[in-house]
Structure formats: structure tokens, C-alpha cells
>>> print(open('run_10.txt').read())   # compact mmCIF, C-alpha atoms and all ligand atoms
# COMPACT_ATOMS: atom_id res chain seq x y z
CA MET J 1 7.39 48.95 23.44
CA ARG J 2 5.13 51.93 23.57
CA ARG J 3 1.57 51.13 22.67
CA ASP J 4 0.53 47.77 24.07
CA GLU J 5 2.16 46.59 27.25
CA ASN J 6 -0.04 43.51 27.20
CA TRP J 7 1.27 41.69 24.15
CA CYS J 8 3.75 39.70 26.30
CA ARG J 9 2.19 39.07 29.66
CA SER J 10 2.42 36.82 32.65
CA ASP J 11 -0.04 33.96 32.27
CA ARG J 12 0.60 31.92 35.42
CA THR J 13 3.25 30.78 37.87
CA VAL J 14 3.98 27.10 38.34
CA ARG J 15 6.15 26.61 41.44
CA ASP J 16 9.07 28.97 40.77
CA ILE J 17 8.48 29.11 37.02
CA GLU J 18 6.81 32.10 35.40
CA VAL J 19 4.85 31.28 32.24
CA LEU J 20 4.20 34.18 29.86
CA SER J 21 1.96 34.27 26.81
CA VAL J 22 3.00 36.25 23.74
CA ASP J 23 0.69 37.70 21.09
CA LEU J 24 2.37 37.03 17.74
CA SER J 25 -0.33 38.40 15.47
CA PRO J 26 0.77 40.87 12.76
CA ASP J 27 1.24 44.41 14.07
CA ILE J 28 3.71 46.59 12.22
CA GLU J 29 4.21 49.07 15.04
CA ARG J 30 4.91 46.31 17.54
CA GLU J 31 7.26 44.56 15.10
CA ASN J 32 9.24 47.76 14.45
CA ALA J 33 9.63 48.35 18.18
CA ALA J 34 10.71 44.71 18.64
CA LEU J 35 13.38 44.98 15.92
CA VAL J 36 15.23 47.64 17.92
CA LEU J 37 15.80 45.11 20.72
CA LEU J 38 17.56 42.49 18.58
CA ASP J 39 21.34 42.26 18.38
CA GLU J 40 23.22 41.80 15.11
CA ALA J 41 23.05 38.00 15.07
CA GLU J 42 19.34 38.03 15.84
CA SER J 43 18.66 40.67 13.19
CA SER J 44 20.42 38.64 10.52
CA ARG J 45 18.53 35.54 11.61
CA TYR J 46 15.30 37.52 11.37
CA GLU J 47 16.24 38.72 7.86
CA SER J 48 17.06 35.18 6.73
CA PHE J 49 13.56 33.73 7.32
CA GLN J 50 11.82 32.95 4.03
CA VAL J 51 8.37 32.68 5.58
CA GLU J 52 6.85 35.88 6.95
CA HIS J 53 4.99 34.35 9.88
CA ALA J 54 8.10 32.39 10.99
CA ALA J 55 10.10 35.63 10.98
CA ARG J 56 7.41 37.37 13.04
CA GLN J 57 7.22 34.47 15.53
CA PHE J 58 10.97 34.66 16.09
CA LEU J 59 11.06 38.46 16.28
CA LEU J 60 8.23 38.96 18.75
CA CYS J 61 9.08 35.98 20.94
CA ARG J 62 12.74 37.00 21.12
CA ALA J 63 11.85 40.63 21.87
CA GLY J 64 9.38 39.52 24.58
CA LEU J 65 12.03 37.24 26.01
CA ARG J 66 14.56 40.08 26.08
CA LYS J 67 12.09 42.30 27.89
CA VAL J 68 11.31 39.78 30.64
CA ILE J 69 14.92 38.66 31.06
CA GLY J 70 15.99 42.32 31.27
CA VAL J 71 13.53 42.88 34.11
CA ARG J 72 14.78 39.76 35.93
CA LEU J 73 18.43 40.79 35.57
CA GLY J 74 17.79 44.46 36.30
CA GLN J 75 19.39 45.31 32.95
CA PRO J 76 18.22 46.92 29.70
CA ALA J 77 16.69 44.39 27.29
CA THR J 78 19.68 44.87 24.96
CA ALA J 79 22.42 44.38 27.60
CA PHE J 80 22.92 40.62 27.20
CA SER J 81 23.35 38.03 24.48
CA PHE J 82 22.23 34.48 23.81
CA SER J 83 24.47 31.47 23.27
CA LYS J 84 23.49 27.92 22.41
CA ALA J 85 24.22 24.68 24.25
CA ARG J 86 25.17 21.45 22.47
CA TYR J 87 21.81 20.63 20.88
CA GLY J 88 20.78 24.22 20.28
CA LYS J 89 19.04 25.16 23.54
CA PRO J 90 19.65 28.89 24.05
CA TYR J 91 20.90 30.42 27.30
CA VAL J 92 21.64 33.97 28.43
CA CYS J 93 25.13 35.48 28.73
CA LEU J 94 25.77 38.71 30.59
CA ASP J 95 29.27 40.23 30.44
CA GLY J 96 30.55 37.02 28.87
CA THR J 97 29.26 34.78 31.68
CA ARG J 98 26.24 32.49 31.74
CA ALA J 99 23.46 34.24 33.69
CA PRO J 100 21.65 32.34 36.49
CA LEU J 101 18.43 32.05 34.53
CA SER J 102 16.72 29.23 32.72
CA PHE J 103 14.10 29.77 30.05
CA ASN J 104 12.41 28.14 27.11
CA VAL J 105 10.24 29.38 24.29
CA SER J 106 7.63 27.89 21.97
CA HIS J 107 5.61 29.46 19.19
CA SER J 108 2.79 28.21 17.02
CA GLY J 109 0.61 30.29 14.73
CA ASP J 110 -0.01 33.68 16.32
CA PHE J 111 0.69 32.49 19.85
CA GLY J 112 3.86 32.02 21.89
CA LEU J 113 4.72 30.80 25.37
CA ILE J 114 7.81 31.59 27.45
CA ALA J 115 8.83 29.76 30.63
CA LEU J 116 11.34 31.50 32.89
CA THR J 117 12.97 30.54 36.16
CA ALA J 118 16.17 31.08 38.07
CA SER J 119 16.50 27.64 39.43
CA ARG J 120 16.23 24.65 37.10
CA PRO J 121 16.18 23.41 33.50
CA VAL J 122 12.78 24.06 31.95
CA GLY J 123 11.05 23.22 28.67
CA ILE J 124 7.79 24.42 27.18
CA ASP J 125 5.91 23.43 24.05
CA LEU J 126 2.82 24.70 22.30
CA GLU J 127 0.97 23.43 19.22
CA LEU J 128 -2.08 25.05 17.66
CA PRO J 129 -4.02 22.34 15.81
CA ARG J 130 -3.39 22.22 12.07
CA ARG J 131 -6.14 21.52 9.59
CA THR J 132 -4.64 18.61 7.69
CA VAL J 133 -2.49 16.28 9.72
CA ASP J 134 -2.31 12.53 9.25
CA PHE J 135 -1.95 11.67 12.94
CA GLU J 136 -1.43 7.95 12.26
CA SER J 137 1.57 8.42 9.98
CA LEU J 138 3.09 11.21 12.10
CA GLY J 139 2.48 9.03 15.17
CA ALA J 140 4.31 6.12 13.51
CA ARG J 141 7.45 8.27 13.52
CA VAL J 142 7.27 9.94 16.91
CA LEU J 143 5.13 7.85 19.31
CA ALA J 144 5.88 4.74 21.36
CA ALA J 145 4.00 1.52 20.46
CA GLU J 146 1.41 1.77 23.28
CA GLU J 147 0.78 5.44 22.46
CA ARG J 148 0.17 4.56 18.80
CA ALA J 149 -2.24 1.79 19.82
CA ALA J 150 -4.20 4.21 22.05
CA LEU J 151 -4.25 6.85 19.28
CA SER J 152 -5.63 4.36 16.74
CA GLN J 153 -8.74 3.85 18.91
CA LEU J 154 -9.73 7.52 18.67
CA GLN J 155 -11.41 9.62 16.01
CA GLY J 156 -11.95 13.29 15.16
CA PHE J 157 -11.39 15.90 17.87
CA ALA J 158 -10.49 13.28 20.51
CA LYS J 159 -7.76 11.90 18.26
CA ALA J 160 -6.32 15.34 17.52
CA SER J 161 -6.29 16.45 21.15
CA PHE J 162 -4.74 13.13 22.28
CA PHE J 163 -2.01 13.50 19.65
CA TYR J 164 -1.20 17.09 20.62
CA LYS J 165 -1.14 16.15 24.30
CA LEU J 166 1.41 13.42 23.54
CA TRP J 167 3.40 15.59 21.19
CA THR J 168 3.68 18.69 23.37
CA SER J 169 4.53 16.51 26.40
CA LYS J 170 7.39 14.88 24.50
CA GLU J 171 8.64 18.20 23.17
CA ALA J 172 8.47 19.93 26.57
CA LEU J 173 10.41 17.08 28.19
CA THR J 174 13.12 16.91 25.52
CA LYS J 175 13.38 20.72 25.43
CA ALA J 176 13.76 20.79 29.23
CA ARG J 177 16.55 18.24 28.94
CA GLY J 178 18.04 20.35 26.15
CA THR J 179 18.24 17.68 23.47
CA GLY J 180 15.11 18.66 21.55
CA LEU J 181 14.20 15.98 19.05
CA SER J 182 17.74 14.70 18.73
CA TYR J 183 16.44 12.48 21.57
CA ASN J 184 14.10 10.01 19.85
CA PRO J 185 10.54 10.87 20.99
CA SER J 186 9.31 7.35 20.25
CA SER J 187 11.79 5.91 22.77
CA PHE J 188 9.82 7.00 25.85
CA GLN J 189 6.20 7.11 26.97
CA VAL J 190 4.25 10.06 28.27
CA PRO J 191 3.06 9.22 31.83
CA ASP J 192 -0.37 7.57 32.06
CA GLU J 193 -1.62 10.21 34.54
CA ILE J 194 -1.35 12.84 31.80
CA LEU J 195 -3.01 10.64 29.18
CA ARG J 196 -5.91 9.98 31.55
CA GLY J 197 -6.51 13.73 31.89
CA GLY J 198 -4.35 14.53 34.92
CA ARG J 199 -2.48 17.82 34.82
CA THR J 200 0.74 16.86 36.61
CA ALA J 201 3.00 13.82 36.55
CA ARG J 202 6.50 12.85 37.44
CA PHE J 203 8.73 11.51 34.69
CA GLN J 204 12.13 9.86 34.15
CA PHE J 205 13.85 9.34 30.82
CA PRO J 206 14.62 5.61 30.32
CA ASP J 207 18.36 6.29 29.96
CA GLN J 208 18.52 8.67 32.95
CA PRO J 209 16.55 6.98 35.75
CA ALA J 210 18.17 8.92 38.60
CA GLN J 211 16.98 12.26 37.21
CA HIS J 212 13.38 13.22 38.01
CA TRP J 213 11.29 15.64 35.97
CA VAL J 214 7.84 17.12 36.42
CA LEU J 215 5.47 17.35 33.47
CA ILE J 216 2.46 19.72 33.51
CA ASP J 217 -0.27 19.63 30.88
CA LEU J 218 -1.14 23.28 30.02
CA GLY J 219 -3.43 22.34 27.12
CA THR J 220 -6.85 23.89 26.52
CA GLU J 221 -9.76 23.21 24.15
CA THR J 222 -7.98 25.21 21.47
CA TYR J 223 -4.32 24.23 21.75
CA GLY J 224 -1.94 21.61 23.10
CA ALA J 225 0.75 22.81 25.50
CA ALA J 226 3.03 21.35 28.14
CA LEU J 227 5.64 22.51 30.62
CA ALA J 228 8.46 20.32 31.97
CA PHE J 229 11.09 21.06 34.58
CA ARG J 230 13.69 19.25 36.64
CA SER J 231 12.43 18.17 40.01
CA ASP J 232 14.30 18.91 43.24
CA ASP J 233 13.01 15.85 45.08
C1 LIG L 301 13.87 22.81 17.83
C2 LIG L 301 12.97 21.99 18.71
C3 LIG L 301 13.60 22.02 20.08
C4 LIG L 301 11.56 22.58 18.87
O1 LIG L 301 11.04 22.90 17.68
P1 LIG L 301 9.54 23.34 17.41
O2 LIG L 301 8.57 22.54 18.20
O3 LIG L 301 9.41 23.35 15.95
O4 LIG L 301 9.51 24.86 17.86
P2 LIG L 301 9.06 25.59 19.20
O5 LIG L 301 8.43 26.84 18.75
O6 LIG L 301 8.31 24.74 20.14
O7 LIG L 301 10.46 25.90 19.91
C5 LIG L 301 11.42 26.68 19.29
C6 LIG L 301 12.32 27.24 20.37
O8 LIG L 301 12.95 26.18 21.08
C7 LIG L 301 14.22 26.65 21.54
N1 LIG L 301 15.17 25.57 21.26
C8 LIG L 301 15.92 25.36 20.16
N2 LIG L 301 16.66 24.24 20.32
C9 LIG L 301 16.36 23.75 21.54
C10 LIG L 301 16.82 22.62 22.30
N3 LIG L 301 17.73 21.76 21.83
N4 LIG L 301 16.30 22.41 23.53
C11 LIG L 301 15.38 23.28 24.03
N5 LIG L 301 14.92 24.36 23.38
C12 LIG L 301 15.42 24.60 22.15
C13 LIG L 301 14.54 27.95 20.84
O9 LIG L 301 14.42 29.01 21.77
C14 LIG L 301 13.46 28.05 19.78
O10 LIG L 301 12.94 29.35 19.61
P3 LIG L 301 13.75 30.50 18.84
O11 LIG L 301 14.41 29.83 17.70
O12 LIG L 301 12.68 31.47 18.46
O13 LIG L 301 14.69 31.03 19.86
C15 LIG L 301 12.98 20.52 18.24
O14 LIG L 301 12.34 19.74 19.19
C16 LIG L 301 12.47 20.25 16.84
O15 LIG L 301 13.21 20.21 15.91
N6 LIG L 301 11.19 19.99 16.63
C17 LIG L 301 10.63 19.61 15.33
C18 LIG L 301 9.24 20.05 15.25
C19 LIG L 301 8.35 19.06 14.54
O16 LIG L 301 8.74 18.10 13.89
N7 LIG L 301 7.07 19.27 14.72
C20 LIG L 301 6.03 18.41 14.24
C21 LIG L 301 4.99 18.36 15.34
S1 LIG L 301 3.46 17.82 14.92
>>> encode(input="run_10.txt", output="C-alpha cells")
Amino acid sequence: MRRDENWCRSDRTVRDIEVLSVDLSPDIERENAALVLLDEAESSRYESFQVEHAARQFLLCRAGLRKVIGVRLGQPATAFSFSKARYGKPYVCLDGTRAPLSFNVSHSGDFGLIALTASRPVGIDLELPRRTVDFESLGARVLAAEERAALSQLQGFAKASFFYKLWTSKEALTKARGTGLSYNPSSFQVPDEILRGGRTARFQFPDQPAQHWVLIDLGTETYGAALAFRSDD
């Protein structure tokens, strides 16, 4: 990528996890350079998108991911491939073997986030607020009863930001676990510490009490975002 080295850049480090932000805004030169990094399967996936911005999100996030993974592995960005685990979570294969790297990607609008670590399962989720969302009816499908009750007390901006905090927390946790939304998001509650404005909380899935996770709220005034990873202790 010749012109703008900054379009995929390190945003912060949380413990041993590097979080990168990716600029997904339209840029034909950047997109052409990104295309060269994709393998055959990725190129045909890119071609199959019907919606232009979805194609661009995939292309630029995947190219950014290839660049950072290449640096970590000390390999060219085209030297490895991606396979998928049972529920679709991608992982890296180098020379036919799973590489000792864990990552996760999220994109929304013109913005993407990548989480990358060597050591543990990780999940990341990002949502830019949408203009017309019926939070009550969406919440009825994806939130637990107490979360829905708390949401119903709020209005306007507070309601939207509470919803996105809940939603990105649930997505980050289920993406870290690898199930995505095949694990019912209404079947567990986001920790109270996070809902009260705390940035970090420990978490256990109800059906997996021996396994501890850490949830970090990365949200800002303009977007909801969360990072989740398996805890060592
Ligand atoms: C696929 C899913 C894991 C995330 O979907 P999403 O929130 O739409 O999309 P995101 O941009 O956050 O994440 C997509 C990335 O997650 C990764 N991913 C796919 N399946 C995954 C899984 N089972 N576990 C973890 N990560 C997964 C992929 O890398 C994918 O990016 P890529 O296709 O460009 O490689 C899943 O949770 C899902 O289907 N979500 C539905 C979204 C929805 O209903 N949103 C309404 C919110 S208001």
C-alpha cells in the first residue's frame, strides 16, 4: 500500500491485544492496492457482494488484516490463508497449519476495528449508530428481560447509546467465544459494571461457568464498541 500508511493503524493495546482501526472510506487507489493482497477465495467473495459499501468493508478490512498478520508472522501479506471454525470464526493457516495467532474483525459504515493477539480467543464489535432503529423491537429479540426493562426507561441519545453498549458487548463476547449470534444474545446479561459506565468487567456465559472472560467497553460519543477476550485467571 503505497500512498497512505495510516489507513490501518494501531489504536491501542489492551493487555497483550493490539487493537487497530481501519479507514474504510471510499478510495479507489487504496482499494486497488488492497485487491492485490486477496487470494482467489477472497476475491470471489469480494466480487459476490451486491452492496458496494459491504464489498469495500470486506476488502479493506481483510487487506488490513493481511498486512498486520504478515508483520506478526514475518511473512508477506499473501503468504497465508484463512479457514473458518465451526460457526464461521476465521483463523489463519500458514503452510497448512493453524498459526499461533488469534484475531477478530468488525466493520460498520466507513470504520473497522481489528483485534490481534498471540495468546487467547478474542472478539471485537463496532456499531456506528443508524438513523432509524426501533430499539424496543430490536431489543425484544436480542436483550435479556432486565436489559429490556432498563432500555425502556431511556429516551433519545441515552437510549441509543445504552442499546449499542449492550449490543456490542454481546457481539464481542459471542465473537470471542466463536459462536457469533448462533448463541442466543438474549440468554445472558451484560455485566452491571459496564452498564453503569465502567470500562472493564469480568464475565461468564451461563452455560460455561468455569470459563472466565474479560469485557472492555471501547465505545465513544460517536460509536458503540467492545472488546472481549478469555481471561487467564
Ligand atoms: C457474523 C457475526 C459474528 C457478526 O456480524 P456483524 O456484527 O454483522 O459483523 P461485524 O462486522 O461485527 O463482524 C464481521 C466479522 O466477524 C468475523 N466472524 C464471522 N463469523 C464469526 C464468528 N462465528 N465468531 C467470531 N467472528 C466471526 C468475520 O471476520 C467477519 O468479517 P469478514 O467477513 O470481513 O471477515 C454474527 O454475530 C452476526 O450474524 N451478527 C448479526 C448482526 C446483526 O443482526 N446486527 C444487528 C445489530 S443492531
>>> residues_near_ligand(input="run_10.txt", ligand="ligand LIG 301 (chain L)", cutoff="7 Å", atoms="all atoms listed in the file", output="number ranges by chain")
J: 57-58, 61-62, 87-90, 104-108, 123, 125-126, 167, 171, 174-181
>>> atom_distance(input="run_10.txt", atom1="CA of Ser25 (chain J)", atom2="CA of Lys159 (chain J)")
27.7 Å
>>> closest_residue(input="run_10.txt", among="J:Arg30, J:Arg45, J:Lys170, J:His212", to="Ala63 (chain J)", atoms="only C-alpha atoms")
J:Arg30
>>> closest_residue(input="run_10.txt", among="J:Thr117, J:Ser102, J:Ser10, J:Thr200", to="Gly64 (chain J)", atoms="only C-alpha atoms")
J:Ser10
>>> axis_aligned_box(input="run_10.txt", around="region 103-108 of chain J", padding_each_side="8 Å", output="JSON")
{"center_x": 8.4, "center_y": 28.8, "center_z": 23.5, "size_x": 27.3, "size_y": 17.9, "size_z": 29.0}
>>> closest_residue(input="run_10.txt", among="J:Leu94, J:Ala140, J:Ile124, J:Leu218", to="Gly74 (chain J)", atoms="only C-alpha atoms")
J:Leu94
>>> atom_distance(input="run_10.txt", atom1="CA of Leu166 (chain J)", atom2="CA of Leu195 (chain J)")
7.7 Å
>>> atom_distance(input="run_10.txt", atom1="CA of Pro121 (chain J)", atom2="CA of Val142 (chain J)")
23.2 Å
>>> residues_around(input="run_10.txt", residues="region 143-145 of chain J", least_positions_apart="5", cutoff="7 Å", atoms="all atoms listed in the file", output="list in words")
Pro185, Ser186, Ser187, Phe188 and Gln189 of chain J
>>> residues_around(input="run_10.txt", residues="Pro26 (chain J)", least_positions_apart="6", cutoff="10 Å", atoms="all atoms listed in the file", output="PDB file with C-alpha atoms, in the coordinates of the input")
ATOM      1  CA  GLU J  52       6.850  35.880   6.950  1.00  0.00           C
ATOM      2  CA  HIS J  53       4.990  34.350   9.880  1.00  0.00           C
ATOM      3  CA  ARG J  56       7.410  37.370  13.040  1.00  0.00           C
ATOM      4  CA  GLN J  57       7.220  34.470  15.530  1.00  0.00           C
ATOM      5  CA  LEU J  60       8.230  38.960  18.750  1.00  0.00           C
ATOM      6  CA  ASP J 110      -0.010  33.680  16.320  1.00  0.00           C
TER       7      ASP J 110
END
>>> decode(input="run_10.txt", residues="region 179-220 of chain J", atoms="N, CA and C atoms", output="PDB file, in the first residue's frame")
ATOM      1  N   THR J 179     -18.989 -18.359  18.604  1.00  0.00           N
ATOM      2  CA  THR J 179     -20.326 -18.778  18.155  1.00  0.00           C
ATOM      3  C   THR J 179     -21.018 -17.700  17.332  1.00  0.00           C
ATOM      4  N   GLY J 180     -20.619 -16.435  17.500  1.00  0.00           N
ATOM      5  CA  GLY J 180     -21.413 -15.350  16.927  1.00  0.00           C
ATOM      6  C   GLY J 180     -22.833 -15.461  17.458  1.00  0.00           C
ATOM      7  N   LEU J 181     -23.782 -15.014  16.680  1.00  0.00           N
ATOM      8  CA  LEU J 181     -25.160 -14.971  17.177  1.00  0.00           C
ATOM      9  C   LEU J 181     -25.876 -16.307  17.087  1.00  0.00           C
ATOM     10  N   SER J 182     -25.149 -17.392  16.778  1.00  0.00           N
ATOM     11  CA  SER J 182     -25.810 -18.692  16.936  1.00  0.00           C
ATOM     12  C   SER J 182     -25.969 -18.990  18.441  1.00  0.00           C
ATOM     13  N   TYR J 183     -25.269 -18.240  19.288  1.00  0.00           N
ATOM     14  CA  TYR J 183     -25.525 -18.278  20.735  1.00  0.00           C
ATOM     15  C   TYR J 183     -26.510 -17.145  21.023  1.00  0.00           C
ATOM     16  N   ASN J 184     -27.678 -17.520  21.580  1.00  0.00           N
ATOM     17  CA  ASN J 184     -28.767 -16.548  21.746  1.00  0.00           C
ATOM     18  C   ASN J 184     -28.355 -15.352  22.622  1.00  0.00           C
ATOM     19  N   PRO J 185     -28.301 -14.149  22.059  1.00  0.00           N
ATOM     20  CA  PRO J 185     -27.829 -12.998  22.854  1.00  0.00           C
ATOM     21  C   PRO J 185     -28.784 -12.587  23.977  1.00  0.00           C
ATOM     22  N   SER J 186     -30.047 -13.045  23.896  1.00  0.00           N
ATOM     23  CA  SER J 186     -30.966 -12.691  24.988  1.00  0.00           C
ATOM     24  C   SER J 186     -30.828 -13.646  26.175  1.00  0.00           C
ATOM     25  N   SER J 187     -29.972 -14.673  26.033  1.00  0.00           N
ATOM     26  CA  SER J 187     -29.861 -15.675  27.100  1.00  0.00           C
ATOM     27  C   SER J 187     -28.814 -15.312  28.154  1.00  0.00           C
ATOM     28  N   PHE J 188     -28.147 -14.171  27.992  1.00  0.00           N
ATOM     29  CA  PHE J 188     -27.192 -13.747  29.031  1.00  0.00           C
ATOM     30  C   PHE J 188     -27.226 -12.239  29.178  1.00  0.00           C
ATOM     31  N   GLN J 189     -26.783 -11.788  30.361  1.00  0.00           N
ATOM     32  CA  GLN J 189     -26.806 -10.338  30.644  1.00  0.00           C
ATOM     33  C   GLN J 189     -25.419  -9.730  30.607  1.00  0.00           C
ATOM     34  N   VAL J 190     -25.346  -8.551  30.053  1.00  0.00           N
ATOM     35  CA  VAL J 190     -24.091  -7.789  30.078  1.00  0.00           C
ATOM     36  C   VAL J 190     -23.841  -7.369  31.535  1.00  0.00           C
ATOM     37  N   PRO J 191     -22.592  -7.489  32.023  1.00  0.00           N
ATOM     38  CA  PRO J 191     -22.315  -7.173  33.438  1.00  0.00           C
ATOM     39  C   PRO J 191     -22.750  -5.753  33.826  1.00  0.00           C
ATOM     40  N   ASP J 192     -23.281  -5.641  35.038  1.00  0.00           N
ATOM     41  CA  ASP J 192     -23.750  -4.344  35.548  1.00  0.00           C
ATOM     42  C   ASP J 192     -22.671  -3.268  35.518  1.00  0.00           C
ATOM     43  N   GLU J 193     -21.413  -3.647  35.821  1.00  0.00           N
ATOM     44  CA  GLU J 193     -20.327  -2.647  35.843  1.00  0.00           C
ATOM     45  C   GLU J 193     -20.283  -1.887  34.522  1.00  0.00           C
ATOM     46  N   ILE J 194     -20.449  -2.609  33.417  1.00  0.00           N
ATOM     47  CA  ILE J 194     -20.396  -1.974  32.092  1.00  0.00           C
ATOM     48  C   ILE J 194     -21.614  -1.072  31.905  1.00  0.00           C
ATOM     49  N   LEU J 195     -22.779  -1.547  32.328  1.00  0.00           N
ATOM     50  CA  LEU J 195     -23.995  -0.745  32.126  1.00  0.00           C
ATOM     51  C   LEU J 195     -23.993   0.514  32.983  1.00  0.00           C
ATOM     52  N   ARG J 196     -23.264   0.465  34.092  1.00  0.00           N
ATOM     53  CA  ARG J 196     -23.168   1.660  34.954  1.00  0.00           C
ATOM     54  C   ARG J 196     -22.077   2.615  34.497  1.00  0.00           C
ATOM     55  N   GLY J 197     -21.392   2.289  33.388  1.00  0.00           N
ATOM     56  CA  GLY J 197     -20.392   3.215  32.844  1.00  0.00           C
ATOM     57  C   GLY J 197     -18.962   2.766  33.061  1.00  0.00           C
ATOM     58  N   GLY J 198     -18.776   1.618  33.745  1.00  0.00           N
ATOM     59  CA  GLY J 198     -17.408   1.099  33.910  1.00  0.00           C
ATOM     60  C   GLY J 198     -16.872   0.624  32.565  1.00  0.00           C
ATOM     61  N   ARG J 199     -15.555   0.562  32.469  1.00  0.00           N
ATOM     62  CA  ARG J 199     -14.945   0.193  31.183  1.00  0.00           C
ATOM     63  C   ARG J 199     -14.569  -1.284  31.127  1.00  0.00           C
ATOM     64  N   THR J 200     -14.405  -1.924  32.277  1.00  0.00           N
ATOM     65  CA  THR J 200     -13.928  -3.313  32.287  1.00  0.00           C
ATOM     66  C   THR J 200     -14.767  -4.152  33.226  1.00  0.00           C
ATOM     67  N   ALA J 201     -15.080  -5.374  32.805  1.00  0.00           N
ATOM     68  CA  ALA J 201     -15.790  -6.289  33.705  1.00  0.00           C
ATOM     69  C   ALA J 201     -15.411  -7.722  33.374  1.00  0.00           C
ATOM     70  N   ARG J 202     -15.547  -8.565  34.377  1.00  0.00           N
ATOM     71  CA  ARG J 202     -15.376  -9.987  34.108  1.00  0.00           C
ATOM     72  C   ARG J 202     -16.726 -10.580  33.747  1.00  0.00           C
ATOM     73  N   PHE J 203     -16.699 -11.688  33.022  1.00  0.00           N
ATOM     74  CA  PHE J 203     -17.960 -12.253  32.518  1.00  0.00           C
ATOM     75  C   PHE J 203     -17.833 -13.765  32.413  1.00  0.00           C
ATOM     76  N   GLN J 204     -18.965 -14.467  32.684  1.00  0.00           N
ATOM     77  CA  GLN J 204     -19.044 -15.905  32.396  1.00  0.00           C
ATOM     78  C   GLN J 204     -20.340 -16.167  31.653  1.00  0.00           C
ATOM     79  N   PHE J 205     -20.293 -16.997  30.627  1.00  0.00           N
ATOM     80  CA  PHE J 205     -21.529 -17.419  29.970  1.00  0.00           C
ATOM     81  C   PHE J 205     -22.260 -18.367  30.926  1.00  0.00           C
ATOM     82  N   PRO J 206     -23.619 -18.282  30.969  1.00  0.00           N
ATOM     83  CA  PRO J 206     -24.373 -19.113  31.912  1.00  0.00           C
ATOM     84  C   PRO J 206     -24.121 -20.612  31.734  1.00  0.00           C
ATOM     85  N   ASP J 207     -23.848 -21.048  30.505  1.00  0.00           N
ATOM     86  CA  ASP J 207     -23.658 -22.490  30.282  1.00  0.00           C
ATOM     87  C   ASP J 207     -22.187 -22.906  30.366  1.00  0.00           C
ATOM     88  N   GLN J 208     -21.325 -21.970  30.784  1.00  0.00           N
ATOM     89  CA  GLN J 208     -19.874 -22.260  30.760  1.00  0.00           C
ATOM     90  C   GLN J 208     -19.224 -21.558  31.965  1.00  0.00           C
ATOM     91  N   PRO J 209     -19.739 -21.859  33.192  1.00  0.00           N
ATOM     92  CA  PRO J 209     -19.334 -21.054  34.346  1.00  0.00           C
ATOM     93  C   PRO J 209     -17.855 -21.142  34.715  1.00  0.00           C
ATOM     94  N   ALA J 210     -17.164 -22.189  34.279  1.00  0.00           N
ATOM     95  CA  ALA J 210     -15.754 -22.332  34.656  1.00  0.00           C
ATOM     96  C   ALA J 210     -14.838 -21.468  33.787  1.00  0.00           C
ATOM     97  N   GLN J 211     -15.381 -20.957  32.694  1.00  0.00           N
ATOM     98  CA  GLN J 211     -14.568 -20.185  31.751  1.00  0.00           C
ATOM     99  C   GLN J 211     -14.763 -18.690  31.987  1.00  0.00           C
ATOM    100  N   HIS J 212     -13.694 -17.977  32.272  1.00  0.00           N
ATOM    101  CA  HIS J 212     -13.808 -16.539  32.561  1.00  0.00           C
ATOM    102  C   HIS J 212     -13.369 -15.716  31.361  1.00  0.00           C
ATOM    103  N   TRP J 213     -14.122 -14.634  31.126  1.00  0.00           N
ATOM    104  CA  TRP J 213     -13.837 -13.710  30.032  1.00  0.00           C
ATOM    105  C   TRP J 213     -13.694 -12.306  30.594  1.00  0.00           C
ATOM    106  N   VAL J 214     -13.024 -11.459  29.850  1.00  0.00           N
ATOM    107  CA  VAL J 214     -12.944 -10.038  30.222  1.00  0.00           C
ATOM    108  C   VAL J 214     -13.616  -9.243  29.112  1.00  0.00           C
ATOM    109  N   LEU J 215     -14.459  -8.303  29.531  1.00  0.00           N
ATOM    110  CA  LEU J 215     -15.178  -7.450  28.575  1.00  0.00           C
ATOM    111  C   LEU J 215     -14.713  -6.009  28.784  1.00  0.00           C
ATOM    112  N   ILE J 216     -14.359  -5.341  27.692  1.00  0.00           N
ATOM    113  CA  ILE J 216     -13.903  -3.938  27.772  1.00  0.00           C
ATOM    114  C   ILE J 216     -14.817  -3.094  26.886  1.00  0.00           C
ATOM    115  N   ASP J 217     -15.365  -2.042  27.454  1.00  0.00           N
ATOM    116  CA  ASP J 217     -16.177  -1.112  26.656  1.00  0.00           C
ATOM    117  C   ASP J 217     -15.238  -0.119  25.963  1.00  0.00           C
ATOM    118  N   LEU J 218     -15.219  -0.153  24.615  1.00  0.00           N
ATOM    119  CA  LEU J 218     -14.359   0.769  23.842  1.00  0.00           C
ATOM    120  C   LEU J 218     -15.189   1.899  23.227  1.00  0.00           C
ATOM    121  N   GLY J 219     -16.451   2.006  23.634  1.00  0.00           N
ATOM    122  CA  GLY J 219     -17.357   2.960  22.986  1.00  0.00           C
ATOM    123  C   GLY J 219     -16.956   4.416  23.202  1.00  0.00           C
ATOM    124  N   THR J 220     -17.391   5.265  22.273  1.00  0.00           N
ATOM    125  CA  THR J 220     -17.156   6.709  22.384  1.00  0.00           C
ATOM    126  C   THR J 220     -18.499   7.422  22.205  1.00  0.00           C
TER     127      THR J 220
END
